[in-house]
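Asks: Pasting protein35.pdb here (PDB, C-alpha atoms):
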ATOM      1  CA  MET Y   1     -30.284 -67.583 -15.180  1.00  0.00           C
ATOM      2  CA  GLU Y   2     -31.092 -65.842 -11.869  1.00  0.00           C
ATOM      3  CA  TYR Y   3     -27.550 -64.527 -11.802  1.00  0.00           C
ATOM      4  CA  THR Y   4     -27.949 -62.960 -15.262  1.00  0.00           C
ATOM      5  CA  VAL Y   5     -31.253 -61.323 -14.265  1.00  0.00           C
ATOM      6  CA  ALA Y   6     -29.679 -59.912 -11.091  1.00  0.00           C
ATOM      7  CA  VAL Y   7     -26.696 -58.580 -13.042  1.00  0.00           C
ATOM      8  CA  ASN Y   8     -28.982 -57.004 -15.664  1.00  0.00           C
ATOM      9  CA  GLN Y   9     -31.092 -55.348 -12.923  1.00  0.00           C
ATOM     10  CA  ALA Y  10     -27.937 -54.044 -11.244  1.00  0.00           C
ATOM     11  CA  ILE Y  11     -26.683 -52.668 -14.574  1.00  0.00           C
ATOM     12  CA  GLU Y  12     -30.063 -51.053 -15.236  1.00  0.00           C
ATOM     13  CA  THR Y  13     -30.153 -49.507 -11.750  1.00  0.00           C
ATOM     14  CA  LEU Y  14     -26.612 -48.185 -12.134  1.00  0.00           C
ATOM     15  CA  GLY Y  15     -27.483 -46.831 -15.582  1.00  0.00           C
ATOM     16  CA  GLU Y  16     -30.436 -44.917 -14.097  1.00  0.00           C
ATOM     17  CA  LYS Y  17     -28.248 -43.546 -11.299  1.00  0.00           C
ATOM     18  CA  ILE Y  18     -25.625 -42.476 -13.825  1.00  0.00           C
ATOM     19  CA  GLU Y  19     -28.298 -40.677 -15.874  1.00  0.00           C
ATOM     20  CA  GLU Y  20     -29.569 -38.927 -12.738  1.00  0.00           C
ATOM     21  CA  GLN Y  21     -26.042 -37.837 -11.854  1.00  0.00           C
ATOM     22  CA  GLN Y  22     -25.405 -36.652 -15.417  1.00  0.00           C
ATOM     23  CA  ASP Y  23     -28.619 -34.608 -15.276  1.00  0.00           C
ATOM     24  CA  ARG Y  24     -27.515 -33.162 -11.942  1.00  0.00           C
ATOM     25  CA  ILE Y  25     -24.074 -32.324 -13.353  1.00  0.00           C
ATOM     26  CA  TRP Y  26     -25.716 -30.620 -16.323  1.00  0.00           C
ATOM     27  CA  GLN Y  27     -27.923 -28.552 -13.962  1.00  0.00           C
ATOM     28  CA  LEU Y  28     -24.928 -27.563 -11.829  1.00  0.00           C
ATOM     29  CA  GLU Y  29     -22.898 -26.619 -14.898  1.00  0.00           C
ATOM     30  CA  GLU Y  30     -25.789 -24.439 -16.058  1.00  0.00           C
ATOM     31  CA  GLN Y  31     -26.029 -22.789 -12.623  1.00  0.00           C
ATOM     32  CA  LEU Y  32     -22.264 -22.229 -12.604  1.00  0.00           C
ATOM     33  CA  GLU Y  33     -22.389 -20.640 -16.043  1.00  0.00           C
ATOM     34  CA  ASP Y  34     -25.201 -18.324 -14.920  1.00  0.00           C
ATOM     35  CA  ALA Y  35     -23.269 -17.402 -11.777  1.00  0.00           C
ATOM     36  CA  GLN Y  36     -20.132 -16.677 -13.817  1.00  0.00           C
ATOM     37  CA  ILE Y  37     -22.108 -14.376 -16.118  1.00  0.00           C
ATOM     38  CA  ILE Y  38     -23.585 -12.533 -13.138  1.00  0.00           C
ATOM     39  CA  ALA Y  39     -20.154 -12.286 -11.488  1.00  0.00           C
ATOM     40  CA  LYS Y  40     -18.676 -10.898 -14.683  1.00  0.00           C
ATOM     41  CA  VAL Y  41     -21.430  -8.333 -15.105  1.00  0.00           C
ATOM     42  CA  LYS Y  42     -21.918  -7.436 -11.446  1.00  0.00           C
ATOM     43  CA  GLY Y  43     -18.588  -8.552 -10.018  1.00  0.00           C
ATOM     44  CA  TRP Y  44     -17.498  -5.026  -9.151  1.00  0.00           C
ATOM     45  CA  ALA Y  45     -20.597  -4.650  -6.991  1.00  0.00           C
ATOM     46  CA  ASN Y  46     -19.657  -7.407  -4.539  1.00  0.00           C
ATOM     47  CA  HIS Y  47     -18.595  -6.282  -1.081  1.00  0.00           C
ATOM     48  CA  GLY Y  48     -15.124  -7.353  -0.057  1.00  0.00           C
ATOM     49  CA  THR Y  49     -12.530  -6.911   2.636  1.00  0.00           C
ATOM     50  CA  VAL Y  50      -9.404  -4.803   2.300  1.00  0.00           C
ATOM     51  CA  ASP Y  51      -6.195  -6.811   1.934  1.00  0.00           C
ATOM     52  CA  ASP Y  52      -3.870  -6.762   4.951  1.00  0.00           C
ATOM     53  CA  GLU Y  53      -0.802  -5.799   2.932  1.00  0.00           C
ATOM     54  CA  ASP Y  54      -2.665  -3.103   1.049  1.00  0.00           C
ATOM     55  CA  ILE Y  55      -1.572   0.498   1.579  1.00  0.00           C
ATOM     56  CA  ALA Y  56      -5.268   1.119   2.131  1.00  0.00           C
ATOM     57  CA  LEU Y  57      -4.972  -0.126   5.738  1.00  0.00           C
ATOM     58  CA  GLU Y  58      -2.726   2.824   6.554  1.00  0.00           C
ATOM     59  CA  LEU Y  59      -5.422   5.306   5.538  1.00  0.00           C
ATOM     60  CA  PRO Y  60      -8.180   6.629   7.814  1.00  0.00           C
ATOM     61  CA  ILE Y  61     -11.318   4.573   8.335  1.00  0.00           C
ATOM     62  CA  PRO Y  62     -14.064   5.286   7.326  1.00  0.00           C
ATOM     63  CA  ARG Y  63     -13.168   6.840   3.959  1.00  0.00           C
ATOM     64  CA  LEU Y  64     -13.927   6.900   0.270  1.00  0.00           C
ATOM     65  CA  GLN Y  65     -11.315   5.592  -2.133  1.00  0.00           C
ATOM     66  CA  ILE Y  66     -10.863   5.079  -5.833  1.00  0.00           C
ATOM     67  CA  LYS Y  67      -8.159   2.632  -6.867  1.00  0.00           C
ATOM     68  CA  LEU Y  68      -6.606   2.040 -10.258  1.00  0.00           C
ATOM     69  CA  THR Y  69      -6.221  -1.649 -11.159  1.00  0.00           C
ATOM     70  CA  GLN Y  70      -4.350  -2.682 -14.298  1.00  0.00           C
ATOM     71  CA  HIS Y  71      -5.846  -6.024 -15.425  1.00  0.00           C
ATOM     72  CA  SER Y  72      -3.806  -6.384 -18.609  1.00  0.00           C
ATOM     73  CA  GLU Y  73      -2.006  -4.255 -21.153  1.00  0.00           C
ATOM     74  CA  ASN Y  74      -5.328  -3.235 -22.735  1.00  0.00           C
ATOM     75  CA  HIS Y  75      -7.643  -3.283 -19.714  1.00  0.00           C
ATOM     76  CA  ARG Y  76      -7.734  -1.181 -16.559  1.00  0.00           C
ATOM     77  CA  SER Y  77     -10.393  -0.316 -13.999  1.00  0.00           C
ATOM     78  CA  TRP Y  78     -10.962   2.325 -11.384  1.00  0.00           C
ATOM     79  CA  PHE Y  79     -12.860   0.869  -8.398  1.00  0.00           C
ATOM     80  CA  TYR Y  80     -14.663   3.443  -6.244  1.00  0.00           C
ATOM     81  CA  VAL Y  81     -15.520   2.138  -2.751  1.00  0.00           C
ATOM     82  CA  LEU Y  82     -16.601   3.186   0.710  1.00  0.00           C
ATOM     83  CA  VAL Y  83     -14.227   1.655   3.277  1.00  0.00           C
ATOM     84  CA  TYR Y  84     -15.381   1.166   6.854  1.00  0.00           C
ATOM     85  CA  GLU Y  85     -14.904  -1.127   9.840  1.00  0.00           C
ATOM     86  CA  HIS Y  86     -17.719  -3.668  10.030  1.00  0.00           C
ATOM     87  CA  THR Y  87     -19.049  -4.918  13.360  1.00  0.00           C
ATOM     88  CA  THR Y  88     -17.154  -8.165  12.666  1.00  0.00           C
ATOM     89  CA  MET Y  89     -13.947  -6.056  12.884  1.00  0.00           C
ATOM     90  CA  ASP Y  90     -13.247  -6.648   9.179  1.00  0.00           C
ATOM     91  CA  ILE Y  91     -12.320  -3.646   7.083  1.00  0.00           C
ATOM     92  CA  VAL Y  92     -15.007  -3.762   4.393  1.00  0.00           C
ATOM     93  CA  ALA Y  93     -15.047  -2.145   0.959  1.00  0.00           C
ATOM     94  CA  VAL Y  94     -18.564  -1.340  -0.276  1.00  0.00           C
ATOM     95  CA  PRO Y  95     -18.615  -0.745  -4.058  1.00  0.00           C
ATOM     96  CA  MET Y  96     -19.843   2.636  -5.221  1.00  0.00           C
ATOM     97  CA  GLY Y  97     -18.771   2.479  -8.868  1.00  0.00           C
ATOM     98  CA  GLU Y  98     -16.386   1.151 -11.468  1.00  0.00           C
ATOM     99  CA  THR Y  99     -14.965   2.789 -14.571  1.00  0.00           C
ATOM    100  CA  VAL Y 100     -13.399   0.431 -17.125  1.00  0.00           C
ATOM    101  CA  SER Y 101     -10.947   1.423 -19.850  1.00  0.00           C
ATOM    102  CA  LYS Y 102     -10.134  -0.960 -22.685  1.00  0.00           C
ATOM    103  CA  GLY Y 103      -8.229  -0.641 -25.919  1.00  0.00           C
ATOM    104  CA  SER Y 104      -5.795   2.109 -26.884  1.00  0.00           C
ATOM    105  CA  PHE Y 105      -6.686   4.410 -23.977  1.00  0.00           C
ATOM    106  CA  ALA Y 106      -5.873   1.642 -21.501  1.00  0.00           C
ATOM    107  CA  ASN Y 107      -2.467   1.276 -23.209  1.00  0.00           C
ATOM    108  CA  GLN Y 108      -1.417   4.759 -22.134  1.00  0.00           C
ATOM    109  CA  ILE Y 109       1.217   4.652 -19.435  1.00  0.00           C
ATOM    110  CA  ILE Y 110       0.073   6.157 -16.173  1.00  0.00           C
ATOM    111  CA  ASN Y 111       2.942   7.773 -14.361  1.00  0.00           C
ATOM    112  CA  VAL Y 112       1.888  10.130 -11.604  1.00  0.00           C
ATOM    113  CA  SER Y 113       3.903  11.732  -8.857  1.00  0.00           C
ATOM    114  CA  ASN Y 114       1.496  14.239  -7.317  1.00  0.00           C
ATOM    115  CA  LYS Y 115      -2.166  14.942  -6.653  1.00  0.00           C
ATOM    116  CA  ASP Y 116      -2.542  17.327  -9.606  1.00  0.00           C
ATOM    117  CA  GLU Y 117      -1.451  14.581 -12.003  1.00  0.00           C
ATOM    118  CA  VAL Y 118      -3.844  12.130 -10.330  1.00  0.00           C
ATOM    119  CA  LEU Y 119      -6.745  14.566 -10.785  1.00  0.00           C
ATOM    120  CA  LYS Y 120      -5.987  14.669 -14.523  1.00  0.00           C
ATOM    121  CA  ILE Y 121      -6.256  10.884 -14.919  1.00  0.00           C
ATOM    122  CA  LEU Y 122      -9.255  10.184 -12.661  1.00  0.00           C
ATOM    123  CA  PRO Y 123     -12.279   8.971 -14.600  1.00  0.00           C
ATOM    124  CA  PHE Y 124     -14.680  11.882 -14.987  1.00  0.00           C
ATOM    125  CA  ARG Y 125     -17.882  10.415 -13.521  1.00  0.00           C
ATOM    126  CA  ASP Y 126     -16.444   8.502 -10.549  1.00  0.00           C
ATOM    127  CA  GLY Y 127     -13.789  11.196 -10.065  1.00  0.00           C
ATOM    128  CA  VAL Y 128     -16.509  13.791  -9.535  1.00  0.00           C
ATOM    129  CA  HIS Y 129     -18.667  11.411  -7.497  1.00  0.00           C
ATOM    130  CA  ILE Y 130     -15.948  10.581  -4.971  1.00  0.00           C
ATOM    131  CA  ARG Y 131     -15.098  14.245  -4.411  1.00  0.00           C
ATOM    132  CA  ARG Y 132     -18.768  15.282  -4.180  1.00  0.00           C
ATOM    133  CA  ASP Y 133     -19.594  12.332  -1.902  1.00  0.00           C
ATOM    134  CA  ALA Y 134     -16.634  13.242   0.340  1.00  0.00           C
ATOM    135  CA  SER Y 135     -18.238  16.640   0.876  1.00  0.00           C
ATOM    136  CA  HIS Y 136     -21.733  15.260   1.390  1.00  0.00           C
ATOM    137  CA  LEU Y 137     -20.699  12.399   3.693  1.00  0.00           C
ATOM    138  CA  LYS Y 138     -17.921  14.381   5.400  1.00  0.00           C
ATOM    139  CA  LEU Y 139     -15.394  11.607   4.778  1.00  0.00           C
ATOM    140  CA  PRO Y 140     -11.816  11.809   3.540  1.00  0.00           C
ATOM    141  CA  ALA Y 141     -11.280  10.636  -0.041  1.00  0.00           C
ATOM    142  CA  PHE Y 142      -8.213   9.029  -1.598  1.00  0.00           C
ATOM    143  CA  ALA Y 143      -7.046   7.920  -5.026  1.00  0.00           C
ATOM    144  CA  ILE Y 144      -4.714   4.925  -5.004  1.00  0.00           C
ATOM    145  CA  VAL Y 145      -2.379   4.654  -8.001  1.00  0.00           C
ATOM    146  CA  ASP Y 146       0.644   2.343  -8.205  1.00  0.00           C
ATOM    147  CA  GLY Y 147       0.533   1.604  -4.478  1.00  0.00           C
ATOM    148  CA  LYS Y 148       0.536   5.281  -3.472  1.00  0.00           C
ATOM    149  CA  ALA Y 149      -2.383   7.141  -1.910  1.00  0.00           C
ATOM    150  CA  TYR Y 150      -3.274  10.700  -2.854  1.00  0.00           C
ATOM    151  CA  GLU Y 151      -5.808  12.620  -0.782  1.00  0.00           C
ATOM    152  CA  LEU Y 152      -8.548  14.210  -2.866  1.00  0.00           C
ATOM    153  CA  GLU Y 153     -10.192  17.491  -1.956  1.00  0.00           C
ATOM    154  CA  ALA Y 154     -13.936  17.410  -1.495  1.00  0.00           C
ATOM    155  CA  ILE Y 155     -16.009  19.564  -3.804  1.00  0.00           C
ATOM    156  CA  ALA Y 156     -19.120  21.284  -2.556  1.00  0.00           C
ATOM    157  CA  PRO Y 157     -22.468  20.555  -4.206  1.00  0.00           C
ATOM    158  CA  VAL Y 158     -23.744  23.005  -6.765  1.00  0.00           C
ATOM    159  CA  SER Y 159     -26.413  25.222  -5.244  1.00  0.00           C
TER     160      SER Y 159
END
I need this file expressed as structure tokens, please.
Replies:
Amino acid sequence: MEYTVAVNQAIETLGEKIEEQQDRIWQLEEQLEDAQIIAKVKGWANHGTVDDEDIALELPIPRLQIKLTQHSENHRSWFYVLVYEHTTMDIVAVPMGETVSKGSFANQIINVSNKDEVLKILPFRDGVHIRRDASHLKLPAFAIVDGKAYELEAIAPVS
């Protein structure tokens, strides 16, 4: 009889612990889902480091850059960032903007071979911002398309 009572208490205790862990798992899953939503919405705004093999390491630092990223056949983004050397010696990319293209426009093949062609495909808002910011901040600006960098001319502010 004592053995049965002890077993039942152990089962009850384990059941309570399992419920607590299930509640904790549910809370963590909810937090993860919230974090994934935030990352999806604000993901472009996260600071990051520049990849070692990236052509971007060959460019001057500090600088402004806008880089075309093809995510899929129907989805591309232009990421506009300020690149500088952090005190930790990492090359850091600070987000300044993102322009997303989806659907039929994103299907258009981008084939550029010179700066004039790059200027024609830059997104309007971030394309103007990077060139205006280059003038204001006195930094060089580059567009990166298909692994090639094209220097952009700064444009003076309107008086």
Asks: Once the PyMOL selection byres ((chain Y and resi 138) around 12) has been evaluated on this model, what residues remain selected, and can you format them as a ChimeraX atom specification?
Replies: /Y:62-64,130-137,139-141,153-156
Asks: Ranking Y:Val92, Y:Leu152, Y:Asp146, Y:Val100 by minimum distance to Lys120 of chain Y and counting all atoms listed in the file, which one comes first?
Replies: Y:Leu152
Asks: Of the candidates Y:Glu12, Y:Glu117, Y:Glu19, Y:Asp126, which shows the shortest atom-to-atom distance to Tyr150 of chain Y, using all atoms listed in the file?
Replies: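 Smallest distance to Tyr150 of chain Y is found for Y:Glu117.
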Asks: Record the distance separating atom CA of Arg125 of chain Y and atom CA of Thr99 of chain Y, expressed in Å with one decimal.
Replies: 8.2 Å
Asks: If the PyMOL selection byres ((chain Y and resi 77-81) around 10) is run on the structure shown, which residues does it catch, given as a PyMOL selection string?
Replies: chain Y and resi 44-45+47-48+63-71+75-76+82-84+92-102+106+122-123+126-127+129-130+141-145
Asks: Could you save the residues just selected, with C-alpha atoms, as a PDB file, in the coordinates of the input?
Replies:
ATOM      1  CA  TRP Y  44     -17.498  -5.026  -9.151  1.00  0.00           C
ATOM      2  CA  ALA Y  45     -20.597  -4.650  -6.991  1.00  0.00           C
ATOM      3  CA  HIS Y  47     -18.595  -6.282  -1.081  1.00  0.00           C
ATOM      4  CA  GLY Y  48     -15.124  -7.353  -0.057  1.00  0.00           C
ATOM      5  CA  ARG Y  63     -13.168   6.840   3.959  1.00  0.00           C
ATOM      6  CA  LEU Y  64     -13.927   6.900   0.270  1.00  0.00           C
ATOM      7  CA  GLN Y  65     -11.315   5.592  -2.133  1.00  0.00           C
ATOM      8  CA  ILE Y  66     -10.863   5.079  -5.833  1.00  0.00           C
ATOM      9  CA  LYS Y  67      -8.159   2.632  -6.867  1.00  0.00           C
ATOM     10  CA  LEU Y  68      -6.606   2.040 -10.258  1.00  0.00           C
ATOM     11  CA  THR Y  69      -6.221  -1.649 -11.159  1.00  0.00           C
ATOM     12  CA  GLN Y  70      -4.350  -2.682 -14.298  1.00  0.00           C
ATOM     13  CA  HIS Y  71      -5.846  -6.024 -15.425  1.00  0.00           C
ATOM     14  CA  HIS Y  75      -7.643  -3.283 -19.714  1.00  0.00           C
ATOM     15  CA  ARG Y  76      -7.734  -1.181 -16.559  1.00  0.00           C
ATOM     16  CA  LEU Y  82     -16.601   3.186   0.710  1.00  0.00           C
ATOM     17  CA  VAL Y  83     -14.227   1.655   3.277  1.00  0.00           C
ATOM     18  CA  TYR Y  84     -15.381   1.166   6.854  1.00  0.00           C
ATOM     19  CA  VAL Y  92     -15.007  -3.762   4.393  1.00  0.00           C
ATOM     20  CA  ALA Y  93     -15.047  -2.145   0.959  1.00  0.00           C
ATOM     21  CA  VAL Y  94     -18.564  -1.340  -0.276  1.00  0.00           C
ATOM     22  CA  PRO Y  95     -18.615  -0.745  -4.058  1.00  0.00           C
ATOM     23  CA  MET Y  96     -19.843   2.636  -5.221  1.00  0.00           C
ATOM     24  CA  GLY Y  97     -18.771   2.479  -8.868  1.00  0.00           C
ATOM     25  CA  GLU Y  98     -16.386   1.151 -11.468  1.00  0.00           C
ATOM     26  CA  THR Y  99     -14.965   2.789 -14.571  1.00  0.00           C
ATOM     27  CA  VAL Y 100     -13.399   0.431 -17.125  1.00  0.00           C
ATOM     28  CA  SER Y 101     -10.947   1.423 -19.850  1.00  0.00           C
ATOM     29  CA  LYS Y 102     -10.134  -0.960 -22.685  1.00  0.00           C
ATOM     30  CA  ALA Y 106      -5.873   1.642 -21.501  1.00  0.00           C
ATOM     31  CA  LEU Y 122      -9.255  10.184 -12.661  1.00  0.00           C
ATOM     32  CA  PRO Y 123     -12.279   8.971 -14.600  1.00  0.00           C
ATOM     33  CA  ASP Y 126     -16.444   8.502 -10.549  1.00  0.00           C
ATOM     34  CA  GLY Y 127     -13.789  11.196 -10.065  1.00  0.00           C
ATOM     35  CA  HIS Y 129     -18.667  11.411  -7.497  1.00  0.00           C
ATOM     36  CA  ILE Y 130     -15.948  10.581  -4.971  1.00  0.00           C
ATOM     37  CA  ALA Y 141     -11.280  10.636  -0.041  1.00  0.00           C
ATOM     38  CA  PHE Y 142      -8.213   9.029  -1.598  1.00  0.00           C
ATOM     39  CA  ALA Y 143      -7.046   7.920  -5.026  1.00  0.00           C
ATOM     40  CA  ILE Y 144      -4.714   4.925  -5.004  1.00  0.00           C
ATOM     41  CA  VAL Y 145      -2.379   4.654  -8.001  1.00  0.00           C
TER      42      VAL Y 145
END
Asks: Could you tell me how far atom CA of Glu85 of chain Y lies from atom CA of Pro60 of chain Y, in Å and to one decimal?
Replies: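 Computed distance, atom CA of Glu85 of chain Y to atom CA of Pro60 of chain Y, equals 10.5 Å.
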